[in-house]
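Listing of protein-v7.cif; format and content: mmCIF, C-alpha atoms.
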```cif
data_input
#
loop_
_atom_site.label_atom_id
_atom_site.label_comp_id
_atom_site.auth_asym_id
_atom_site.auth_seq_id
_atom_site.Cartn_x
_atom_site.Cartn_y
_atom_site.Cartn_z
CA MET A 1 -22.59 4.38 20.73
CA THR A 2 -21.31 3.54 17.25
CA GLY A 3 -22.73 6.83 16.01
CA VAL A 4 -20.72 8.75 18.63
CA LEU A 5 -17.55 6.85 17.67
CA ILE A 6 -18.10 7.56 13.96
CA VAL A 7 -18.63 11.28 14.61
CA LEU A 8 -15.54 11.37 16.87
CA ALA A 9 -13.33 9.54 14.36
CA LEU A 10 -14.62 11.66 11.48
CA THR A 11 -13.94 14.87 13.43
CA LEU A 12 -10.40 13.71 14.23
CA VAL A 13 -9.83 12.92 10.52
CA GLY A 14 -11.07 16.42 9.64
CA ILE A 15 -8.74 18.04 12.18
CA GLY A 16 -5.84 15.82 11.11
CA GLY A 17 -6.31 16.64 7.43
CA THR A 18 -6.40 20.36 8.20
CA VAL A 19 -3.20 20.07 10.25
CA VAL A 20 -1.46 18.26 7.35
CA ALA A 21 -2.58 20.94 4.89
CA PHE A 22 -1.34 23.72 7.16
CA THR A 23 2.03 22.11 7.89
CA PHE A 24 4.33 23.92 5.52
CA GLU A 25 7.71 22.27 6.08
CA PRO A 26 7.79 19.00 4.12
CA GLU A 27 9.75 17.11 6.85
CA ARG A 28 7.12 17.90 9.45
CA GLN A 29 4.40 17.23 6.90
CA ALA A 30 5.65 13.66 6.47
CA LEU A 31 5.15 13.17 10.21
CA THR A 32 1.71 14.78 10.38
CA LEU A 33 0.73 12.76 7.30
CA SER A 34 1.72 9.61 9.15
CA VAL A 35 -0.44 10.56 12.14
CA PHE A 36 -3.29 11.45 9.74
CA GLY A 37 -2.91 7.94 8.26
CA LEU A 38 -3.38 6.47 11.74
CA LEU A 39 -6.54 8.56 12.29
CA LEU A 40 -7.94 7.35 8.94
CA THR A 41 -7.17 3.78 10.03
CA VAL A 42 -9.22 4.31 13.19
CA LEU A 43 -12.10 5.70 11.12
CA PHE A 44 -12.05 2.67 8.80
CA VAL A 45 -12.08 0.30 11.79
CA VAL A 46 -15.03 2.18 13.32
CA LEU A 47 -16.84 1.92 9.96
CA GLN A 48 -16.22 -1.87 10.04
CA ALA A 49 -13.80 -1.94 7.12
CA PRO A 50 -10.79 -3.74 8.61
CA ASP A 51 -9.41 -4.72 5.18
CA VAL A 52 -9.16 -1.09 4.07
CA ALA A 53 -7.84 -0.12 7.51
CA LEU A 54 -4.94 -2.58 7.15
CA SER A 55 -3.98 -1.21 3.72
CA GLN A 56 -4.23 2.36 4.99
CA LEU A 57 -2.08 1.56 8.03
CA GLY A 58 0.71 0.09 5.91
CA ILE A 59 0.68 2.54 3.00
CA GLY A 60 -0.51 5.78 4.62
CA SER A 61 1.35 5.60 7.90
CA ALA A 62 4.57 3.87 6.90
CA VAL A 63 5.45 3.59 3.20
CA VAL A 64 4.40 7.04 1.93
CA PRO A 65 5.99 9.06 4.80
CA LEU A 66 9.17 6.98 4.38
CA MET A 67 9.27 7.74 0.65
CA VAL A 68 8.75 11.45 1.37
CA MET A 69 11.56 11.47 3.95
CA LEU A 70 13.98 9.67 1.61
CA ALA A 71 13.13 12.01 -1.27
CA LEU A 72 13.68 15.05 0.97
CA ARG A 73 17.01 13.71 2.15
CA LYS A 74 18.10 13.32 -1.46
CA ILE A 75 16.98 16.84 -2.39
CA ARG A 76 18.70 18.39 0.64
CA SER A 77 21.98 16.57 -0.02
CA GLY A 78 21.94 17.77 -3.65
CA ARG A 79 21.67 21.39 -2.55
CA SER A 80 24.49 21.52 -0.05
CA MET B 1 -1.37 33.18 -15.23
CA SER B 2 -1.45 35.77 -12.48
CA ARG B 3 -2.37 34.98 -8.90
CA THR B 4 -5.79 36.65 -9.09
CA THR B 5 -6.70 34.82 -12.31
CA ARG B 6 -5.72 31.52 -10.76
CA GLN B 7 -7.79 32.27 -7.68
CA ILE B 8 -10.82 33.12 -9.82
CA VAL B 9 -10.40 29.91 -11.85
CA PHE B 10 -10.08 27.95 -8.61
CA LEU B 11 -13.15 29.55 -6.99
CA VAL B 12 -15.32 28.92 -10.07
CA ALA B 13 -14.14 25.30 -10.30
CA ALA B 14 -14.56 24.74 -6.55
CA ALA B 15 -18.09 26.17 -6.61
CA GLY B 16 -18.99 23.90 -9.55
CA LEU B 17 -17.52 20.86 -7.83
CA GLY B 18 -19.35 21.78 -4.62
CA VAL B 19 -22.71 22.01 -6.39
CA LEU B 20 -22.14 18.67 -8.16
CA LEU B 21 -21.09 17.00 -4.88
CA VAL B 22 -24.17 18.27 -3.05
CA LEU B 23 -26.40 17.04 -5.91
CA ALA B 24 -24.66 13.64 -5.88
CA PHE B 25 -24.87 13.27 -2.08
CA ARG B 26 -28.59 14.06 -2.18
CA GLY B 27 -29.06 11.05 -4.45
CA LEU B 28 -27.25 8.68 -2.10
CA PRO B 29 -29.16 6.26 0.13
CA GLY B 30 -29.21 7.35 3.78
CA PHE B 31 -26.18 6.70 6.01
CA GLY B 32 -26.36 3.54 8.14
CA THR B 33 -29.57 2.06 6.72
CA THR B 34 -30.12 -1.67 6.40
CA THR B 35 -30.85 -1.85 2.67
CA HIS B 36 -27.70 -2.93 0.80
CA PRO B 37 -28.54 -4.61 -2.51
CA TYR B 38 -24.88 -5.17 -3.40
CA ARG B 39 -24.11 -6.68 0.01
CA ASP B 40 -26.98 -9.18 -0.31
CA LEU B 41 -25.66 -10.38 -3.67
CA ALA B 42 -21.95 -10.34 -2.71
CA VAL B 43 -22.40 -12.17 0.60
CA ALA B 44 -24.48 -14.90 -1.04
CA ALA B 45 -21.91 -15.31 -3.83
CA ALA B 46 -19.02 -15.40 -1.32
CA LEU B 47 -20.73 -18.03 0.83
CA ALA B 48 -21.46 -20.11 -2.28
CA HIS B 49 -17.69 -20.19 -2.91
CA ARG B 50 -16.99 -20.87 0.79
CA ALA B 51 -15.07 -17.66 1.49
CA PRO B 52 -15.89 -16.25 4.96
CA ASN B 53 -14.08 -12.96 4.21
CA VAL B 54 -16.52 -11.50 1.70
CA ILE B 55 -14.16 -8.62 0.83
CA SER B 56 -11.52 -11.10 -0.32
CA SER B 57 -14.13 -13.02 -2.26
CA VAL B 58 -15.15 -9.81 -4.06
CA ASN B 59 -11.53 -8.84 -4.72
CA PHE B 60 -10.15 -12.19 -5.78
CA ASP B 61 -13.14 -14.15 -7.08
CA GLN B 62 -16.19 -12.09 -8.06
CA ARG B 63 -14.21 -9.10 -9.35
CA ALA B 64 -10.78 -10.68 -9.68
CA ILE B 65 -10.18 -9.02 -13.03
CA ASP B 66 -10.34 -5.61 -11.31
CA THR B 67 -7.64 -6.78 -8.93
CA LEU B 68 -5.53 -7.97 -11.87
CA GLY B 69 -5.77 -4.43 -13.21
CA GLU B 70 -4.79 -2.95 -9.85
CA GLU B 71 -1.81 -5.26 -9.48
CA THR B 72 -0.67 -4.35 -12.99
CA ILE B 73 -0.95 -0.66 -12.07
CA LEU B 74 1.22 -1.31 -9.01
CA LEU B 75 3.75 -3.23 -11.12
CA GLY B 76 3.81 -0.42 -13.66
CA SER B 77 4.25 2.25 -10.96
CA VAL B 78 7.16 0.37 -9.39
CA ILE B 79 8.83 -0.04 -12.80
CA GLY B 80 8.22 3.64 -13.56
CA ALA B 81 9.64 4.83 -10.23
CA ALA B 82 12.64 2.51 -10.54
CA ALA B 83 13.29 3.79 -14.08
CA LEU B 84 13.06 7.44 -12.99
CA LEU B 85 15.28 6.86 -9.96
CA ARG B 86 17.92 4.81 -11.77
CA PRO B 87 21.45 6.10 -11.21
CA THR B 88 22.85 8.22 -14.01
CA ARG B 89 26.47 8.19 -15.07
CA GLU B 90 27.07 11.67 -13.70
CA MET B 91 26.21 10.65 -10.15
CA ARG B 92 29.18 9.63 -8.10
CA ARG B 93 28.97 6.68 -5.83
CA ALA B 94 29.04 7.54 -2.15
CA SER B 95 29.89 4.98 0.49
CA PRO B 96 26.81 3.84 2.39
CA PRO B 97 26.60 5.63 5.71
CA GLY B 98 27.37 3.41 8.66
CA GLY B 99 24.77 2.86 11.32
CA GLY B 100 24.26 5.94 13.39
CA HIS B 101 23.81 5.70 17.12
CA VAL B 102 20.87 3.41 17.83
CA LEU B 103 19.41 3.33 21.30
CA PRO B 104 19.67 -0.16 22.85
CA ALA B 105 15.93 -0.04 23.50
CA THR B 106 15.23 0.63 19.79
CA ARG B 107 17.56 -2.23 18.86
CA LEU B 108 15.83 -4.62 21.26
CA VAL B 109 12.35 -3.68 20.01
CA GLY B 110 13.54 -3.99 16.41
CA TYR B 111 15.02 -7.46 16.85
CA PHE B 112 11.85 -8.54 18.63
CA MET B 113 9.45 -6.95 16.12
CA LEU B 114 11.19 -7.98 12.88
CA PRO B 115 10.40 -11.73 13.04
CA LEU B 116 7.01 -10.97 14.61
CA THR B 117 6.03 -8.57 11.80
CA LEU B 118 7.14 -11.04 9.12
CA LEU B 119 5.04 -13.72 10.82
CA VAL B 120 1.99 -11.43 11.02
CA GLY B 121 2.47 -10.43 7.36
CA THR B 122 2.58 -14.07 6.25
CA ASP B 123 -0.46 -14.82 8.39
CA VAL B 124 -2.42 -11.93 6.85
CA VAL B 125 -1.55 -13.13 3.31
CA VAL B 126 -2.29 -16.81 3.91
CA HIS B 127 -5.56 -16.25 5.81
CA GLY B 128 -6.80 -13.59 3.38
CA HIS B 129 -9.91 -15.59 2.47
CA LEU B 130 -10.80 -16.25 6.15
CA THR B 131 -9.98 -13.11 8.14
CA PRO B 132 -9.56 -9.41 7.29
CA GLY B 133 -6.53 -8.81 5.15
CA GLY B 134 -5.18 -10.52 2.09
CA GLY B 135 -2.34 -10.38 -0.38
CA PHE B 136 -2.10 -6.61 -0.64
CA GLN B 137 -2.28 -5.86 3.09
CA GLY B 138 -0.01 -8.77 4.07
CA GLY B 139 2.47 -7.83 1.35
CA VAL B 140 2.73 -4.28 2.66
CA VAL B 141 3.18 -5.58 6.23
CA LEU B 142 5.97 -7.91 5.02
CA ALA B 143 7.74 -5.14 3.12
CA THR B 144 7.54 -2.57 5.93
CA GLY B 145 8.54 -5.24 8.46
CA LEU B 146 11.74 -5.93 6.51
CA HIS B 147 12.64 -2.25 6.77
CA LEU B 148 12.70 -2.50 10.58
CA GLN B 149 16.16 -3.92 9.89
CA TYR B 150 17.20 -0.47 8.64
CA VAL B 151 15.94 1.15 11.86
CA THR B 152 17.56 -1.50 14.06
CA ALA B 153 20.86 -2.10 12.29
CA ASP B 154 21.98 -0.09 9.25
CA PHE B 155 21.61 0.01 5.47
CA GLU B 156 24.17 -2.78 4.97
CA GLY B 157 22.08 -5.03 7.22
CA LEU B 158 18.96 -4.21 5.21
CA ARG B 159 20.79 -5.01 1.96
CA ARG B 160 21.85 -8.41 3.27
CA LEU B 161 18.30 -9.15 4.44
CA ARG B 162 16.65 -8.60 1.03
CA PRO B 163 18.76 -9.50 -2.01
CA LEU B 164 17.35 -7.03 -4.53
CA SER B 165 17.70 -9.20 -7.65
CA TRP B 166 15.62 -11.92 -5.97
CA CYS B 167 12.94 -9.37 -5.10
CA GLU B 168 12.78 -8.10 -8.68
CA ALA B 169 12.36 -11.65 -9.98
CA ALA B 170 9.80 -12.52 -7.29
CA GLU B 171 7.76 -9.39 -8.05
CA ALA B 172 7.49 -10.38 -11.70
CA SER B 173 6.72 -14.01 -10.79
CA GLY B 174 3.88 -12.91 -8.50
CA ALA B 175 2.30 -10.88 -11.29
CA THR B 176 2.79 -13.75 -13.74
CA ALA B 177 1.26 -16.25 -11.31
CA PHE B 178 -1.91 -14.11 -11.07
CA ALA B 179 -2.30 -14.09 -14.85
CA ALA B 180 -1.46 -17.82 -15.03
CA ILE B 181 -4.20 -18.69 -12.52
CA GLY B 182 -6.57 -16.59 -14.65
CA LEU B 183 -5.54 -18.47 -17.80
CA ALA B 184 -6.04 -21.78 -15.98
CA GLY B 185 -9.65 -20.68 -15.55
CA ILE B 186 -9.98 -20.28 -19.33
CA VAL B 187 -8.47 -23.69 -19.98
CA VAL B 188 -10.65 -25.53 -17.44
CA SER B 189 -13.98 -23.71 -17.59
CA GLY B 190 -13.74 -21.22 -20.45
CA ALA B 191 -13.82 -18.05 -18.32
CA PHE B 192 -10.82 -15.91 -17.36
CA LEU B 193 -10.12 -16.06 -13.60
CA ALA B 194 -12.94 -18.57 -13.04
CA ASN B 195 -12.74 -20.26 -9.64
CA VAL B 196 -11.71 -23.71 -10.88
CA VAL B 197 -9.85 -25.09 -7.83
CA PRO B 198 -11.87 -27.40 -5.48
CA LEU B 199 -13.61 -25.20 -2.91
CA GLY B 200 -12.95 -27.32 0.21
CA HIS B 201 -14.72 -26.92 3.55
CA PHE B 202 -16.01 -23.55 4.78
CA GLY B 203 -13.43 -21.96 7.10
CA ASP B 204 -10.53 -24.30 6.29
CA LEU B 205 -7.09 -22.93 5.44
CA LEU B 206 -7.31 -24.68 2.07
CA SER B 207 -10.74 -23.54 0.91
CA ALA B 208 -12.45 -20.93 -1.29
CA GLY B 209 -10.70 -22.28 -4.40
CA THR B 210 -8.44 -19.82 -6.19
CA VAL B 211 -8.85 -17.02 -3.59
CA PRO B 212 -5.93 -18.06 -1.33
CA LEU B 213 -3.74 -18.85 -4.38
CA LEU B 214 -4.34 -15.39 -5.84
CA ASN B 215 -3.77 -13.87 -2.39
CA ILE B 216 -0.36 -15.52 -2.16
CA ALA B 217 0.56 -14.40 -5.70
CA VAL B 218 -0.47 -10.82 -4.87
CA GLY B 219 1.27 -11.00 -1.49
CA ILE B 220 4.58 -11.91 -3.12
CA GLU B 221 4.16 -9.27 -5.81
CA VAL B 222 3.23 -6.47 -3.40
CA ALA B 223 5.88 -7.31 -0.79
CA CYS B 224 8.64 -7.46 -3.39
CA GLY B 225 7.25 -4.49 -5.33
CA VAL B 226 7.30 -2.24 -2.25
CA VAL B 227 10.82 -3.47 -1.42
CA VAL B 228 12.04 -2.67 -4.96
CA LEU B 229 10.29 0.72 -4.83
CA LEU B 230 11.81 1.70 -1.48
CA ALA B 231 15.18 0.31 -2.59
CA SER B 232 15.30 2.79 -5.50
CA TYR B 233 14.62 5.61 -3.05
CA PHE B 234 17.24 4.28 -0.62
CA ARG B 235 19.81 3.99 -3.42
CA GLN B 236 19.24 7.60 -4.45
CA ALA B 237 19.19 8.96 -0.91
CA LEU B 238 22.04 6.98 0.64
CA LEU B 239 24.30 5.52 -2.01
CA LEU B 240 24.53 8.18 -4.70
CA GLY B 241 25.99 11.59 -4.16
CA PRO B 242 24.86 14.65 -6.09
CA ALA B 243 25.79 14.87 -9.75
CA GLU B 244 29.20 16.40 -10.33
CA THR B 245 28.24 18.04 -13.60
CA GLU B 246 25.26 20.28 -14.16
CA LYS B 247 22.05 18.38 -13.35
CA GLU B 248 20.39 19.32 -16.63
CA SER B 249 23.06 17.55 -18.69
CA SER B 250 21.65 14.14 -17.77
CA ARG B 251 18.28 14.98 -19.26
#
```

Turn this file's structure into structure tokens for me.
Amino acid sequence: MTGVLIVLALTLVGIGGTVVAFTFEPERQALTLSVFGLLLTVLFVVLQAPDVALSQLGIGSAVVPLMVMLALRKIRSGRS
Amino acid sequence: MSRTTRQIVFLVAAAGLGVLLVLAFRGLPGFGTTTHPYRDLAVAAALAHRAPNVISSVNFDQRAIDTLGEETILLGSVIGAAALLRPTREMRRASPPGGGHVLPATRLVGYFMLPLTLLVGTDVVVHGHLTPGGGFQGGVVLATGLHLQYVTADFEGLRRLRPLSWCEAAEASGATAFAAIGLAGIVVSGAFLANVVPLGHFGDLLSAGTVPLLNIAVGIEVACGVVVLLASYFRQALLLGPAETEKESSR
């Protein structure tokens, strides 16, 4: 059962990472990156690493995408 | 370098890395086996210091000096980002944008979640030695929770919620407290970051010696560090307009 969950979570992480790499617009990439962070969190929970999962959830799904969005907003406002 | 040259360089490097990775993976113990020499040692050491969360015991007791290094890296990164994102004289000050239209449902969820997230963040920091989590995780939860105020209200509300000068001071104090607890170890037992505080009873809130103290120090540092970091981004994105003169002149 755990083996199936690990394979499933690992596959989702693989798909998610590929989607992030093939998202070319940075705004959309911030969103896909956030979802990818959630998938990684699930993988860490399945692998019984709740401490790492908590860090990943906060940094990967919230703080980094927020920083990307704010930086993009700044760059776009400078151009117009 | 032309595109083809770069591709050749990449392919050669990728093939080399691939070979090395395969060789390294072949030397690893099998996935999901029951032999874990490091676990056996770490769990015994954690239980000896009455810390049920072995990960926290490794991070803040057995290998606390590694964590001191990590916290210093975080402090340095925040200072570096804040220095790079500081306003230059050429940038004109824009008025902060007022709150856009916020759906009542978003507002309701925000007002409900803000205190709840802060409570969960504090809980994760304070119970770091007992349950999964700790100073770093709880600090990030606290910092992101505070920013719900920006989603719910507006930037002015966020600014009132977290006085930035306090956060800067608290971030530095958290880092100092970590080093001070380490120095206390030298004074009492002759070893940096030695666990010199009474260990208490297994599973109690006040147990595991210095682990909860270091967790709280790190929690304060990380929460305030992330707030200061995001604040520099917010200032650039919302408060400062584009430079009036040529951008290169500020370099």

>> Evaluate the PyMOL selection byres ((chain A) within 9 of (chain B)) against this structure - the residues, as an MDAnalysis selection string, please.
In response: chainID A and resid 49:52 54:59 62:63 66:67 70:75 77:79

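Applied to the file shown here, the PyMOL selection byres ((chain A and resi 4-17) around 7) selects Met1, Thr2, Gly3, Thr18, Val19, Val20, Ala21, Phe36, Leu39, Leu40, Val42, Leu43 and Val46 of chain A.
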
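Going from CA of Leu130 (chain B) over to CA of Val43 (chain B), you cover 13.5 Å.
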
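If you measure from each of B:Ser189, B:Leu17, B:Gly30, B:His127 to Gly203 (chain B) using only C-alpha atoms, the closest one turns out to be B:His127.
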
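The two atoms in question, CA of Ala46 (chain B) and CA of Val45 (chain A), are spaced 21.6 Å apart.
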
>> For a test of reading the model, state the distance in Å between CA of Arg160 (chain B) and CA of Leu146 (chain B), rounded to one decimal.
In response: 10.9 Å

> What lies within 8 Å of region 105-114 of chain B using all atoms listed in the file, ignoring chain neighbours under 4 positions off, as a list in words?
Replying inline: Leu118, Gly145, Leu146, Leu148, Gln149, Val151, Thr152 and Ala153 of chain B

For the selection just defined, write its residues with C-alpha atoms to a file, as a PDB file, keeping the file's coordinate frame.
```
ATOM      1  CA  LEU B 118       7.140 -11.040   9.120  1.00  0.00           C
ATOM      2  CA  GLY B 145       8.540  -5.240   8.460  1.00  0.00           C
ATOM      3  CA  LEU B 146      11.740  -5.930   6.510  1.00  0.00           C
ATOM      4  CA  LEU B 148      12.700  -2.500  10.580  1.00  0.00           C
ATOM      5  CA  GLN B 149      16.160  -3.920   9.890  1.00  0.00           C
ATOM      6  CA  VAL B 151      15.940   1.150  11.860  1.00  0.00           C
ATOM      7  CA  THR B 152      17.560  -1.500  14.060  1.00  0.00           C
ATOM      8  CA  ALA B 153      20.860  -2.100  12.290  1.00  0.00           C
TER       9      ALA B 153
END
```

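With distances restricted to all atoms listed in the file, B:Ala175 is the closest residue to Glu71 (chain B) from B:Ala194, B:Ala175, B:Leu183, B:Val211.
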
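Proximity ranking of B:Leu21, B:Val197, B:Ala81, B:Ala223 relative to Cys167 (chain B) places B:Ala223 first, based on all atoms listed in the file.
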
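Within 12 Å of the file-frame point (5.6, 16.0, 9.6), and using all atoms listed in the file, the polymer residues found are Gly16, Val19, Val20, Ala21, Phe22, Thr23, Phe24, Glu25, Pro26, Glu27, Arg28, Gln29, Ala30, Leu31, Thr32, Leu33, Ser34, Val35, Phe36, Gly37, Ser61, Val64, Pro65, Leu66, Val68, Met69 and Leu72 of chain A.
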
Identify all residues satisfying the PyMOL selection byres ((chain B and resi 66-70) around 12) in the given file; provide them as a short mmCIF file (atom, residue, chain, number, x, y, z; two decimals) with C-alpha atoms, keeping the file's coordinate frame.
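Final output, selection02.cif:
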```
data_model
loop_
_atom_site.label_atom_id
_atom_site.label_comp_id
_atom_site.auth_asym_id
_atom_site.auth_seq_id
_atom_site.Cartn_x
_atom_site.Cartn_y
_atom_site.Cartn_z
CA ILE B 55 -14.16 -8.62 0.83
CA SER B 56 -11.52 -11.10 -0.32
CA SER B 57 -14.13 -13.02 -2.26
CA VAL B 58 -15.15 -9.81 -4.06
CA ASN B 59 -11.53 -8.84 -4.72
CA PHE B 60 -10.15 -12.19 -5.78
CA ASP B 61 -13.14 -14.15 -7.08
CA GLN B 62 -16.19 -12.09 -8.06
CA ARG B 63 -14.21 -9.10 -9.35
CA ALA B 64 -10.78 -10.68 -9.68
CA ILE B 65 -10.18 -9.02 -13.03
CA GLU B 71 -1.81 -5.26 -9.48
CA THR B 72 -0.67 -4.35 -12.99
CA ILE B 73 -0.95 -0.66 -12.07
CA LEU B 74 1.22 -1.31 -9.01
CA LEU B 75 3.75 -3.23 -11.12
CA GLY B 76 3.81 -0.42 -13.66
CA SER B 77 4.25 2.25 -10.96
CA GLY B 134 -5.18 -10.52 2.09
CA GLY B 135 -2.34 -10.38 -0.38
CA PHE B 136 -2.10 -6.61 -0.64
CA GLY B 174 3.88 -12.91 -8.50
CA ALA B 175 2.30 -10.88 -11.29
CA THR B 176 2.79 -13.75 -13.74
CA ALA B 177 1.26 -16.25 -11.31
CA PHE B 178 -1.91 -14.11 -11.07
CA ALA B 179 -2.30 -14.09 -14.85
CA ALA B 180 -1.46 -17.82 -15.03
CA ILE B 181 -4.20 -18.69 -12.52
CA GLY B 182 -6.57 -16.59 -14.65
CA PHE B 192 -10.82 -15.91 -17.36
CA LEU B 193 -10.12 -16.06 -13.60
CA VAL B 211 -8.85 -17.02 -3.59
CA LEU B 214 -4.34 -15.39 -5.84
CA ASN B 215 -3.77 -13.87 -2.39
CA ALA B 217 0.56 -14.40 -5.70
CA VAL B 218 -0.47 -10.82 -4.87
CA GLU B 221 4.16 -9.27 -5.81
CA VAL B 222 3.23 -6.47 -3.40
#
```

>> With distances taken over all atoms listed in the file, which residue among B:Ile216, B:Gln7, B:Asp154, B:Met1 lies nearest Gly121 (chain B)?
In response: B:Ile216

> Do you know which residues are at most 6 Å from Leu199 (chain B) counting only C-alpha atoms, after dropping those on the same chain fewer than 2 positions away, and could you put them as a VMD selection string?
Replying inline: chain B and resid 207 to 209

Can you complete the atoms of region 133-144 of chain B to N, CA and C atoms and list them as a tab-separated table (two decimals), in the frame of the given file?
```tsv
chain	number	residue	atom	x	y	z
B	133	GLY	N	-7.88	-8.84	5.68
B	133	GLY	CA	-6.53	-8.81	5.15
B	133	GLY	C	-6.50	-9.50	3.82
B	134	GLY	N	-5.33	-9.88	3.39
B	134	GLY	CA	-5.18	-10.52	2.09
B	134	GLY	C	-3.81	-10.22	1.53
B	135	GLY	N	-3.65	-10.50	0.24
B	135	GLY	CA	-2.34	-10.38	-0.38
B	135	GLY	C	-1.78	-8.98	-0.30
B	136	PHE	N	-2.62	-7.98	-0.60
B	136	PHE	CA	-2.10	-6.61	-0.64
B	136	PHE	C	-1.66	-6.17	0.76
B	137	GLN	N	-2.58	-6.33	1.73
B	137	GLN	CA	-2.28	-5.86	3.09
B	137	GLN	C	-1.08	-6.62	3.67
B	138	GLY	N	-1.11	-7.97	3.53
B	138	GLY	CA	-0.01	-8.77	4.07
B	138	GLY	C	1.30	-8.43	3.40
B	139	GLY	N	1.25	-8.18	2.07
B	139	GLY	CA	2.47	-7.83	1.35
B	139	GLY	C	3.08	-6.54	1.87
B	140	VAL	N	2.22	-5.55	2.14
B	140	VAL	CA	2.73	-4.28	2.66
B	140	VAL	C	3.32	-4.48	4.06
B	141	VAL	N	2.65	-5.30	4.89
B	141	VAL	CA	3.18	-5.58	6.23
B	141	VAL	C	4.55	-6.24	6.11
B	142	LEU	N	4.69	-7.22	5.21
B	142	LEU	CA	5.97	-7.91	5.02
B	142	LEU	C	7.06	-6.92	4.61
B	143	ALA	N	6.73	-6.06	3.65
B	143	ALA	CA	7.74	-5.14	3.12
B	143	ALA	C	8.16	-4.12	4.19
B	144	THR	N	7.17	-3.55	4.91
B	144	THR	CA	7.54	-2.57	5.93
B	144	THR	C	8.27	-3.26	7.08
```
